[in-house]
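So this one's input_30.txt, compact mmCIF, C-alpha atoms:
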# COMPACT_ATOMS: atom_id res chain seq x y z
CA GLY A 25 0.00 0.00 0.00
CA THR A 26 0.96 3.65 0.10
CA THR A 27 3.32 5.05 2.71
CA GLY A 28 1.54 6.69 5.62
CA PRO A 29 2.22 10.20 6.91
CA THR A 30 5.45 10.94 8.89
CA GLY A 31 5.01 10.84 12.65
CA PRO A 32 6.06 13.63 14.97
CA ALA A 33 9.82 14.21 15.58
CA GLY A 34 11.33 12.78 18.75
CA PRO A 35 13.29 14.70 21.30
CA THR A 36 16.80 15.94 20.47
CA GLY A 37 19.59 13.68 21.84
CA PRO A 38 22.47 14.90 23.95
CA THR A 39 25.29 16.73 22.28
CA GLY A 40 28.42 14.57 21.75
CA PRO A 41 31.78 15.49 23.19
CA LEU A 42 33.48 18.47 21.74
CA GLY A 43 36.98 19.73 21.84
CA THR A 44 40.31 17.91 22.12
CA ALA A 45 40.22 14.08 22.54
CA GLY A 46 42.21 12.41 25.31
CA GLY A 47 43.28 9.01 26.63
CA ASP A 48 44.04 6.58 23.80
CA LEU A 49 42.46 9.02 21.29
CA ASP A 50 44.09 11.85 19.42
CA GLY A 51 42.67 14.85 17.54
CA THR A 52 39.36 16.62 18.24
CA TYR A 53 35.80 15.53 18.43
CA PRO A 54 33.64 14.63 16.70
CA ASN A 55 36.32 12.67 14.64
CA PRO A 56 39.28 11.71 16.84
CA THR A 57 41.76 8.90 15.92
CA VAL A 58 43.06 5.98 18.05
CA ASP A 59 46.73 6.41 18.89
CA GLY A 60 47.15 3.93 21.75
CA LEU A 61 45.86 0.85 23.60
CA GLN A 62 45.68 0.89 27.39
CA GLY A 63 47.91 3.91 27.50
CA ARG A 64 50.57 2.42 25.25
CA PRO A 65 51.37 4.05 21.90
CA LEU A 66 50.16 2.66 18.61
CA ASP A 67 52.39 2.60 15.52
CA ALA A 68 51.05 4.90 12.80
CA THR A 69 51.90 2.34 10.08
CA ALA A 70 48.75 1.06 8.35
CA PRO A 71 48.26 -2.74 8.67
CA THR A 72 47.90 -5.10 5.72
CA THR A 73 45.66 -8.14 5.28
CA ASN A 74 45.96 -10.84 8.01
CA GLN A 75 48.36 -8.73 10.11
CA VAL A 76 47.82 -8.39 13.85
CA LEU A 77 48.95 -5.90 16.46
CA THR A 78 51.89 -7.02 18.57
CA TRP A 79 53.81 -5.28 21.33
CA ASP A 80 57.46 -4.79 20.35
CA GLY A 81 58.49 -3.36 23.72
CA THR A 82 57.85 0.33 22.92
CA LYS A 83 54.66 0.43 20.86
CA TRP A 84 51.89 -1.63 19.30
CA THR A 85 52.80 -2.35 15.69
CA PRO A 86 51.21 -4.34 12.83
CA SER A 87 53.07 -7.61 12.13
CA SER A 88 52.64 -10.85 10.21
CA ALA A 89 50.56 -13.62 11.78
CA ALA A 90 53.67 -15.90 11.56
CA SER A 91 54.46 -14.96 15.13
CA GLY A 92 51.59 -17.34 16.02
CA TRP A 93 50.97 -20.85 14.67
CA LEU A 94 47.84 -20.88 12.48
CA LEU A 95 45.53 -23.84 11.99
CA THR A 96 46.08 -23.58 8.24
CA GLY A 97 49.87 -23.30 8.47
CA ASN A 98 52.41 -20.49 8.46
CA ALA A 99 54.59 -18.93 5.77
CA GLY A 100 57.76 -16.90 5.94
CA THR A 101 59.09 -18.55 9.11
CA VAL A 102 62.80 -18.63 9.99
CA VAL A 103 63.93 -21.99 11.36
CA THR A 104 66.50 -20.46 13.69
CA THR A 105 63.97 -18.00 15.12
CA ASN A 106 60.47 -19.46 14.89
CA PHE A 107 59.70 -22.75 16.67
CA LEU A 108 57.03 -24.79 18.38
CA GLY A 109 57.97 -25.50 21.97
CA THR A 110 58.94 -23.97 25.29
CA THR A 111 61.59 -21.46 26.32
CA ASP A 112 61.73 -22.49 29.95
CA ASN A 113 62.58 -25.81 31.66
CA VAL A 114 59.15 -27.33 30.97
CA GLU A 115 58.37 -30.44 28.93
CA LEU A 116 56.24 -30.33 25.76
CA ALA A 117 53.17 -32.54 25.33
CA ILE A 118 51.15 -33.12 22.14
CA ARG A 119 47.61 -34.46 22.41
CA THR A 120 44.85 -35.88 20.24
CA ASN A 121 41.31 -36.48 21.54
CA ASN A 122 42.58 -34.78 24.70
CA VAL A 123 44.96 -37.72 25.33
CA GLU A 124 48.70 -37.18 25.41
CA ARG A 125 50.39 -38.94 22.50
CA ILE A 126 53.90 -37.44 22.38
CA ARG A 127 56.10 -36.16 25.20
CA VAL A 128 59.35 -34.25 24.64
CA LYS A 129 61.50 -34.13 27.77
CA THR A 130 63.63 -31.12 28.63
CA ASN A 131 66.73 -33.31 28.02
CA GLY A 132 65.58 -34.03 24.44
CA ASN A 133 64.24 -37.58 24.96
CA VAL A 134 61.08 -38.21 22.96
CA GLY A 135 58.34 -40.60 23.97
CA ILE A 136 55.56 -41.78 21.67
CA GLY A 137 52.97 -43.21 24.02
CA VAL A 138 55.60 -43.00 26.76
CA ALA A 139 55.26 -40.21 29.32
CA ASN A 140 58.76 -40.57 30.77
CA PRO A 141 61.10 -41.64 27.94
CA GLN A 142 64.57 -42.74 29.09
CA ARG A 143 66.12 -42.95 25.61
CA GLY A 144 66.42 -40.65 22.64
CA LEU A 145 63.25 -42.22 21.23
CA SER A 146 60.91 -44.53 23.17
CA VAL A 147 57.92 -46.03 21.36
CA GLN A 148 55.07 -47.94 22.96
CA ASN A 149 53.12 -50.63 21.07
CA GLY A 150 55.86 -51.14 18.47
CA MET A 151 56.98 -49.22 15.42
CA ASN A 152 56.39 -49.91 11.74
CA ILE A 153 58.87 -48.51 9.21
CA ASP A 154 57.98 -48.79 5.53
CA ASN A 155 59.81 -47.81 2.35
CA ILE A 156 63.10 -46.61 3.81
CA GLU A 157 65.30 -45.27 1.04
CA SER A 158 68.78 -44.20 2.02
CA HIS A 159 72.15 -44.53 0.34
CA GLY A 160 73.67 -45.08 3.75
CA GLY A 161 71.01 -47.56 4.87
CA LEU A 162 69.97 -47.67 8.51
CA SER A 163 72.91 -47.32 10.89
CA LEU A 164 72.48 -48.19 14.56
CA GLY A 165 75.02 -47.43 17.26
CA ALA A 166 75.35 -48.74 20.79
CA ASN A 167 72.05 -48.78 22.70
CA ALA A 168 70.36 -47.56 19.51
CA LEU A 169 67.59 -50.13 19.07
CA ARG A 170 66.21 -52.55 21.62
CA PHE A 171 63.15 -54.75 22.00
CA GLY A 172 61.16 -55.47 25.15
CA ASN A 173 62.49 -54.13 28.43
CA GLY A 174 66.21 -54.69 27.87
CA SER A 175 68.52 -53.57 30.65
CA THR A 176 70.89 -50.66 30.27
CA SER A 177 73.84 -53.04 29.89
CA LEU A 178 72.59 -54.22 26.51
CA VAL A 179 73.96 -52.59 23.37
CA GLY A 180 73.27 -52.58 19.62
CA ILE A 181 70.13 -54.54 18.76
CA SER A 182 68.91 -56.22 21.93
CA SER A 183 65.90 -58.10 23.19
CA ASN A 184 64.79 -58.93 26.70
CA ARG A 185 61.16 -59.98 26.80
CA SER A 186 59.32 -59.50 30.04
CA SER A 187 57.78 -62.97 30.34
CA ALA A 188 59.59 -66.27 30.70
CA ALA A 189 56.56 -67.90 29.07
CA GLN A 190 57.62 -66.38 25.77
CA ALA A 191 59.84 -68.58 23.57
CA ASN A 192 63.47 -67.46 23.61
CA TYR A 193 62.36 -64.55 25.79
CA LEU A 194 65.92 -63.53 26.68
CA GLY A 195 67.11 -63.88 23.10
CA LEU A 196 66.53 -62.29 19.72
CA ASP A 197 64.48 -63.70 16.84
CA PHE A 198 64.22 -62.77 13.17
CA TRP A 199 60.98 -63.72 11.42
CA THR A 200 60.16 -64.06 7.72
CA ASN A 201 56.79 -65.11 6.30
CA ASN A 202 55.45 -65.55 9.85
CA THR A 203 58.19 -68.10 10.59
CA ARG A 204 61.11 -67.78 13.00
CA SER A 205 64.04 -67.91 10.57
CA ILE A 206 66.92 -67.02 12.91
CA ALA A 207 67.06 -67.38 16.67
CA ILE A 208 69.83 -66.11 18.94
CA ASN A 209 69.40 -67.27 22.50
CA SER A 210 70.82 -65.91 25.74
CA ASP A 211 73.77 -68.34 25.51
CA ASN A 212 74.84 -66.69 22.23
CA ARG A 213 73.81 -69.78 20.27
CA VAL A 214 72.52 -69.12 16.76
CA GLY A 215 69.88 -71.22 15.04
CA ILE A 216 68.93 -70.87 11.38
CA GLY A 217 65.66 -72.70 10.95
CA VAL A 218 65.99 -73.87 14.58
CA ALA A 219 64.00 -72.15 17.34
CA THR A 220 66.08 -73.40 20.29
CA PRO A 221 69.65 -74.09 19.12
CA THR A 222 71.76 -76.23 21.45
CA ALA A 223 74.92 -75.91 19.33
CA LEU A 224 76.82 -72.68 18.84
CA TYR A 225 75.67 -72.53 15.20
CA TRP A 226 72.84 -74.82 14.12
CA THR A 227 71.46 -74.72 10.61
CA GLU A 228 68.46 -76.81 9.65
CA ILE A 229 66.68 -76.01 6.42
CA THR A 230 63.55 -77.91 5.36
CA PRO A 231 63.17 -78.17 1.57
CA SER A 232 59.96 -76.67 0.21
CA ASN A 233 58.19 -77.91 -2.93
CA GLY A 234 60.84 -80.60 -3.40
CA THR A 235 63.61 -78.02 -3.80
CA ALA A 236 66.96 -79.11 -2.41
CA ASN A 237 68.70 -76.68 -0.07
CA ASN A 238 72.27 -76.44 1.14
CA GLY A 239 72.59 -76.16 4.91
CA LEU A 240 75.67 -73.92 4.81
CA LEU A 241 77.37 -72.39 1.80
CA SER A 242 80.48 -70.34 2.53
CA THR A 243 82.32 -68.37 -0.13
CA THR A 244 85.45 -66.33 0.37
CA SER A 245 86.92 -63.82 -2.06
CA GLY A 246 90.56 -62.98 -1.66
CA GLY A 247 90.79 -64.84 1.65
CA THR A 248 92.14 -68.32 2.32
CA ILE A 249 89.50 -69.87 4.64
CA GLY A 250 85.82 -70.39 3.82
CA VAL A 251 84.84 -72.13 7.06
CA PHE A 252 87.10 -72.35 10.12
CA GLY A 253 86.10 -74.80 12.84
CA ARG A 254 87.79 -74.66 16.23
CA ALA A 255 87.00 -76.38 19.52
CA VAL A 256 88.66 -74.88 22.60
CA VAL A 257 88.63 -76.68 25.94
CA THR A 258 90.33 -76.37 29.29
CA THR A 259 93.03 -78.65 30.66
CA GLN A 260 94.19 -79.40 34.15
CA THR A 261 96.64 -76.52 34.00
CA LEU A 262 94.53 -74.12 31.91
CA THR A 263 91.34 -73.15 33.71
CA THR A 264 90.21 -70.48 31.26
CA PRO A 265 89.81 -71.28 27.54
CA VAL A 266 92.07 -69.11 25.40
CA ALA A 267 90.79 -68.66 21.88
CA ALA A 268 93.77 -66.80 20.45
CA PRO A 269 95.73 -68.88 17.89
CA GLY A 270 99.05 -70.02 19.27
CA ASN A 271 97.83 -70.07 22.88
CA SER A 272 94.79 -72.33 22.80
CA PHE A 273 94.17 -76.02 23.35
CA ILE A 274 92.17 -77.81 20.71
CA GLY A 275 89.09 -79.60 21.97
CA GLN A 276 87.34 -82.72 20.79
CA TYR A 277 85.88 -81.81 17.41
CA GLY A 278 86.45 -78.71 15.27
CA VAL A 279 83.99 -79.74 12.52
CA VAL A 280 81.52 -82.65 12.56
CA GLY A 281 79.62 -83.72 9.46
CA LYS A 282 76.64 -86.08 9.46
CA SER A 283 74.65 -87.04 6.41
CA GLY A 284 72.99 -89.88 4.57
CA GLY A 285 75.51 -89.17 1.80
CA ALA A 286 78.84 -87.55 2.57
CA GLY A 287 79.40 -86.22 6.08
CA ILE A 288 81.94 -83.66 4.88
CA TYR A 289 82.31 -82.73 1.22
CA GLY A 290 85.45 -80.92 0.14
CA LEU A 291 86.05 -79.63 -3.37
CA ALA A 292 89.13 -77.81 -4.64
CA VAL A 293 88.98 -76.32 -8.14
CA ALA A 294 92.16 -76.89 -10.15
CA ASP A 295 93.64 -74.43 -12.61
CA ALA A 296 95.79 -75.06 -15.65
CA SER A 297 99.06 -74.71 -13.73
CA ALA A 298 100.81 -77.96 -12.78
CA THR A 299 102.68 -76.11 -10.04
CA THR A 300 99.56 -75.06 -8.13
CA ASP A 301 98.57 -77.23 -5.18
CA HIS A 302 94.99 -78.34 -4.60
CA ALA A 303 93.39 -80.59 -2.01
CA GLY A 304 89.84 -81.53 -1.17
CA GLY A 305 90.84 -81.67 2.48
CA VAL A 306 93.95 -80.83 4.49
CA PHE A 307 94.33 -82.05 8.07
CA PHE A 308 96.95 -81.27 10.72
CA VAL A 309 97.70 -82.10 14.32
CA SER A 310 99.92 -79.49 15.90
CA ASP A 311 101.84 -79.29 19.12
CA ALA A 312 100.38 -77.34 22.05
CA SER A 313 101.92 -74.07 20.87
CA GLU A 314 100.69 -74.57 17.29
CA SER A 315 104.19 -73.75 16.07
CA GLY A 316 105.00 -77.28 14.92
CA THR A 317 103.05 -80.02 13.13
CA LEU A 318 102.99 -83.52 14.57
CA VAL A 319 101.22 -85.13 11.62
CA ASN A 320 99.44 -83.94 8.48
CA ALA A 321 97.45 -85.42 5.64
CA SER A 322 96.05 -84.05 2.41
CA VAL A 323 93.08 -85.91 0.92
CA ALA A 324 92.17 -85.88 -2.77
CA ALA A 325 95.26 -83.76 -3.42
CA TYR A 326 96.97 -82.62 -6.60
CA LEU A 327 100.45 -81.56 -5.53
CA GLY A 328 103.45 -80.82 -7.73
CA GLY A 329 101.87 -82.43 -10.78
CA THR A 330 100.80 -85.68 -9.08
CA ALA A 331 97.36 -86.75 -7.92
CA TYR A 332 97.17 -88.44 -4.50
CA LYS A 333 94.27 -90.10 -2.69
CA ILE A 334 96.03 -89.40 0.62
CA ILE A 335 99.45 -87.89 1.23
CA GLY A 336 100.98 -86.88 4.51
CA SER A 337 103.31 -87.71 7.34
CA GLY A 338 102.94 -90.70 9.65
CA THR A 339 102.01 -94.20 8.51
CA VAL A 340 99.14 -95.91 6.70
CA ASN A 341 97.34 -98.41 8.89
CA THR A 342 94.25 -100.49 9.42
CA ILE A 343 92.67 -102.02 12.51
CA VAL A 344 91.71 -105.66 13.04
CA ASN A 345 90.27 -107.43 16.07
CA ASP A 346 92.05 -110.15 18.05
CA GLU A 347 90.38 -113.14 19.65
CA ASN A 348 89.20 -110.94 22.53
CA GLY A 349 87.65 -108.30 20.29
CA MET A 350 90.51 -105.92 21.02
CA GLY A 351 91.50 -103.69 18.11
CA ARG A 352 95.00 -104.27 16.79
CA ILE A 353 96.90 -101.96 14.45
CA MET A 354 98.47 -103.26 11.24
CA GLY A 355 100.74 -101.21 9.02
CA CYS A 356 101.00 -100.95 5.25
CA PRO A 357 104.31 -101.33 3.35
CA GLU A 358 105.35 -98.12 1.55
CA THR A 359 107.88 -97.62 -1.23
CA PRO A 360 110.00 -94.78 -2.65
CA GLU A 361 108.12 -95.11 -5.96
CA ILE A 362 104.48 -95.30 -7.04
CA LEU A 363 103.97 -98.99 -7.87
CA PHE A 364 101.26 -101.46 -8.88
CA GLN A 365 101.44 -105.14 -7.93
CA ASP A 366 99.71 -108.35 -9.00
CA TYR A 367 99.87 -112.00 -7.99
CA GLY A 368 99.05 -115.32 -9.61
CA ARG A 369 99.91 -118.94 -10.31
CA GLY A 370 101.31 -120.69 -13.34
CA LYS A 371 102.67 -124.07 -14.45
CA LEU A 372 105.70 -125.18 -16.41
CA VAL A 373 104.84 -127.33 -19.38
CA ASN A 374 107.93 -129.11 -20.65
CA GLY A 375 110.00 -126.54 -18.78
CA LYS A 376 108.33 -123.40 -20.13
CA ALA A 377 105.42 -121.10 -19.22
CA HIS A 378 104.12 -117.75 -20.47
CA ILE A 379 102.19 -115.49 -18.10
CA SER A 380 99.87 -112.86 -19.61
CA ILE A 381 99.21 -109.81 -17.47
CA ASP A 382 95.62 -108.64 -17.00
CA PRO A 383 94.99 -106.08 -19.76
CA ILE A 384 93.48 -103.65 -17.24
CA LEU A 385 96.78 -103.67 -15.36
CA THR A 386 98.74 -103.49 -18.62
CA ARG A 387 97.22 -100.14 -19.59
CA ASN A 388 98.05 -98.66 -16.17
CA ILE A 389 101.73 -99.64 -15.77
CA PHE A 390 104.81 -98.33 -17.54
CA VAL A 391 107.60 -100.77 -18.43
CA ASP A 392 110.83 -99.98 -20.30
CA GLU A 393 114.56 -100.23 -19.74
CA LYS A 394 114.48 -97.39 -17.19
CA HIS A 395 111.36 -98.75 -15.53
CA PRO A 396 111.81 -102.53 -15.50
CA MET A 397 109.06 -104.75 -14.18
CA LYS A 398 110.11 -106.86 -11.19
CA VAL A 399 108.97 -110.50 -11.33
CA PHE A 400 109.21 -112.91 -8.40
CA VAL A 401 108.63 -116.68 -8.83
CA GLN A 402 108.14 -119.28 -6.09
CA LEU A 403 108.29 -122.91 -7.30
CA ARG A 404 105.75 -125.34 -5.90
CA GLY A 405 107.60 -128.49 -6.97
CA ASP A 406 111.06 -129.94 -7.70
CA CYS A 407 112.92 -128.88 -10.84
CA LYS A 408 116.29 -127.53 -11.93
CA GLY A 409 115.24 -123.96 -11.13
CA VAL A 410 113.81 -121.24 -13.35
CA TYR A 411 114.57 -117.79 -14.70
CA VAL A 412 112.35 -115.00 -16.05
CA THR A 413 112.71 -113.40 -19.48
CA ASN A 414 110.83 -111.31 -22.04
CA GLU A 415 109.27 -109.02 -19.39
CA SER A 416 106.87 -106.42 -20.77
CA ALA A 417 103.71 -104.66 -19.74
CA THR A 418 101.71 -107.50 -21.34
CA GLY A 419 103.46 -110.49 -19.75
CA PHE A 420 106.64 -112.54 -19.17
CA ASP A 421 108.12 -116.01 -19.69
CA VAL A 422 109.32 -118.48 -17.05
CA ILE A 423 111.97 -120.96 -18.31
CA GLU A 424 113.50 -123.96 -16.52
CA LEU A 425 117.28 -123.86 -16.14
CA GLN A 426 119.64 -126.15 -18.08
CA GLY A 427 116.96 -126.98 -20.65
CA GLY A 428 114.81 -128.75 -18.11
CA THR A 429 111.43 -130.17 -19.10
CA SER A 430 109.63 -130.23 -15.76
CA ASN A 431 105.89 -129.79 -15.35
CA VAL A 432 105.61 -128.07 -11.98
CA GLU A 433 103.42 -125.30 -10.64
CA PHE A 434 104.69 -121.97 -9.34
CA SER A 435 103.43 -118.78 -7.76
CA TRP A 436 104.39 -115.39 -9.15
CA SER A 437 104.17 -111.74 -8.22
CA ILE A 438 105.01 -108.62 -10.22
CA THR A 439 105.76 -105.02 -9.28
CA ALA A 440 105.74 -102.22 -11.88
CA ASN A 441 105.74 -98.44 -11.99
CA ARG A 442 102.32 -96.89 -12.32
CA ALA A 443 101.93 -95.07 -15.66
CA ASP A 444 101.25 -91.35 -15.84
CA GLU A 445 97.54 -90.54 -16.05
CA ASP A 446 95.68 -88.04 -18.19
CA LEU A 447 93.22 -86.33 -15.83
CA GLY A 448 91.59 -84.35 -18.62
CA ASN A 449 91.71 -80.69 -19.59
CA GLY A 450 95.43 -81.00 -20.34
CA ILE A 451 96.33 -82.02 -16.77
CA ILE A 452 98.66 -84.99 -16.34
CA SER A 453 99.30 -86.78 -13.07
CA GLN A 454 102.95 -87.84 -12.95
CA TYR A 455 103.57 -91.29 -11.47
CA GLN A 456 106.15 -93.30 -13.37
CA ASP A 457 109.23 -91.15 -12.63
CA ASN A 458 108.46 -90.41 -8.99
CA ARG A 459 111.15 -91.73 -6.66
CA PHE A 460 111.63 -90.02 -3.30
CA LYS A 461 109.91 -87.00 -4.81
CA VAL A 462 110.58 -83.79 -2.86
CA TYR A 463 107.60 -82.61 -0.83
CA GLY A 464 107.46 -78.81 -0.61
CA HIS A 465 104.09 -77.32 -1.34
CA GLN A 466 101.51 -74.82 -0.16
CA HIS A 467 100.05 -77.38 2.25
CA GLN A 468 103.49 -77.56 3.83
CA TYR A 469 104.34 -80.12 6.47
CA ILE A 470 106.18 -78.35 9.31
CA PRO A 471 108.57 -80.82 10.95
CA HIS A 472 108.31 -81.12 14.70
CA LYS A 473 111.16 -79.31 16.43
CA GLU A 474 112.43 -82.50 18.04
CA ASN A 475 112.56 -84.27 14.67
CA THR A 476 114.43 -81.34 13.14
CA GLU A 477 117.13 -81.49 15.78
CA LYS A 478 117.77 -85.18 15.09
CA LYS A 479 118.59 -84.53 11.44

For the file at hand, write its structure as structure tokens.
Amino acid sequence: GTTGPTGPAGPTGPTGPLGTAGGDLDGTYPNPTVDGLQGRPLDATAPTTNQVLTWDGTKWTPSSAASGWLLTGNAGTVVTTNFLGTTDNVELAIRTNNVERIRVKTNGNVGIGVANPQRGLSVQNGMNIDNIESHGGLSLGANALRFGNGSTSLVGISSNRSSAAQANYLGLDFWTNNTRSIAINSDNRVGIGVATPTALYWTEITPSNGTANNGLLSTTSGGTIGVFGRAVVTTQTLTTPVAAPGNSFIGQYGVVGKSGGAGIYGLAVADASATTDHAGGVFFVSDASESGTLVNASVAAYLGGTAYKIIGSGTVNTIVNDENGMGRIMGCPETPEILFQDYGRGKLVNGKAHISIDPILTRNIFVDEKHPMKVFVQLRGDCKGVYVTNESATGFDVIELQGGTSNVEFSWSITANRADEDLGNGIISQYQDNRFKVYGHQHQYIPHKENTEKK
């Protein structure tokens, strides 16, 4: 509708202040300006967007909001000047849902879920680290990382679980695919695939999907020893085991192998040089000071151009039982040369006999003027005597003396130098010319001091 008529005018209000303004105001009324807050001067500089008034010690002045931490973040901060924390000797707490989650002690220790951290970083309920990428990897110093409630005497990576009901609770376990792969117990015994190792190092790997696995594979590059086994025990005069070479006493067994196949498998890889020594196994017994060797043996050895099953000091023996079941030692004859022998029987027919040597033996002996075959004949009946002639690698003749025509039996034995053998790949094992061959190789026999003095 139409606007109605104007009502009567109200009473006139009071007259505002006039004259010069005072207090925190400057200028004159009716339009004074603010030049202070609570009696303190105000900077005349005009503020910009998002600036606030701050007291600089002499006046209120506009400044950036960076002097306070905003919910949406800050810009233009200086790391050496601006910080989140305290300037007095008071700890810092960070909360979520009004529950303290992080505590920073005045000494710098940080606790996540721990109100009184005793280490540089203490984390409750575990810690999960994913996707670490660092050229230097993860380096841990002494007392750097521990599990459970390990005591202060532990260093490096340590574990000390709080309950004895937990398996290996004083030890350290490494798990893969929800399986304990490595266990180190409180006796410093290490098990790979074994939860409670009773040996110092115990490896037990169960094949999966029919795949064969090696229990222990050791490779050395540039060194001389792949696996070194040493057993140290005390004696009546040595009450503390000394592990340093040259001062220790060797115990019962350095290395023990047990298998359905080979207990210990040794493999040495030969090169093309006939002067290089190789052995599948080398064994020594030293004196107490380890400065002299009492006996040594190389097994499956290629030394100085000759292949040996076993070579070493001492004697070659076997053990037989007597009538009481007591073991008795028998020794083997040994010669300055490498020889093959064979035995047999023959018979003179009208004073003559030809003996043919087994062709397998023929191809493995070497007979010439320098390497004559030795033939020994034992008559088993009466005749004028016999002599041997026409010896070769294939056979020999036995002839009765003085043109005799006897028909008697005899036993014979032959001894011949073993022929050199082609081992393949251009490697020859030298046998036929070996006579008191000098032994001086990498697997050196060190004469016992007493033996040296007798020479």

Could you name the residues that touch Phe434 (chain A) at 7 Å or less, counting only C-alpha atoms, but leaving out those on the same chain fewer than 3 positions away, as a tab-separated table (two decimals) with C-alpha atoms, keeping the file's coordinate frame?
chain	number	residue	atom	x	y	z
A	369	ARG	CA	99.91	-118.94	-10.31
A	370	GLY	CA	101.31	-120.69	-13.34
A	371	LYS	CA	102.67	-124.07	-14.45
A	401	VAL	CA	108.63	-116.68	-8.83
A	402	GLN	CA	108.14	-119.28	-6.09
A	403	LEU	CA	108.29	-122.91	-7.30
A	404	ARG	CA	105.75	-125.34	-5.90

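When the distance limit is 7 Å and all atoms listed in the file are what count, the residues near Asn341 (chain A), minus those fewer than 4 positions from it on the same chain, are Ile353, Met354, Gly355 and Cys356 of chain A.
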
Checklist outcome for this item: note - CA of Phe198 (chain A) and CA of Ala223 (chain A) are separated by 18.0 Å

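Atom pair CA of Thr52 (chain A) / CA of Ala68 (chain A): separated by 17.4 Å.
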
Checklist entry - What's the 12 Å shell around Thr200 (chain A), counting only C-alpha atoms, without same-chain residues fewer than 4 positions away, as a list in words? => result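 Counting only C-alpha atoms, the residues come to Arg204, Ser205, Ile206, Ala207, Ile216 and Gly217 of chain A.
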
If you keep C-alpha atoms, can you produce a file of those selected residues as a short mmCIF file (atom, residue, chain, number, x, y, z; two decimals), in the frame of the given file?
data_model
loop_
_atom_site.label_atom_id
_atom_site.label_comp_id
_atom_site.auth_asym_id
_atom_site.auth_seq_id
_atom_site.Cartn_x
_atom_site.Cartn_y
_atom_site.Cartn_z
CA ARG A 204 61.11 -67.78 13.00
CA SER A 205 64.04 -67.91 10.57
CA ILE A 206 66.92 -67.02 12.91
CA ALA A 207 67.06 -67.38 16.67
CA ILE A 216 68.93 -70.87 11.38
CA GLY A 217 65.66 -72.70 10.95
#

Next on the checklist: With distances taken over only C-alpha atoms, which residue among A:Ser437, A:Glu393, A:Thr78, A:Leu372 lies nearest Val410 (chain A)?
Outcome noted: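 Of the candidates, the smallest distance to Val410 (chain A) is held by A:Leu372.
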
Item to check | Among listed residues A:Asp301, A:Asp366, A:Glu124, A:Asp346, nearest Leu327 (chain A) (using all atoms listed in the file) | outcome: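 When distances to Leu327 (chain A) are compared using all atoms listed in the file, the smallest one comes from A:Asp301.
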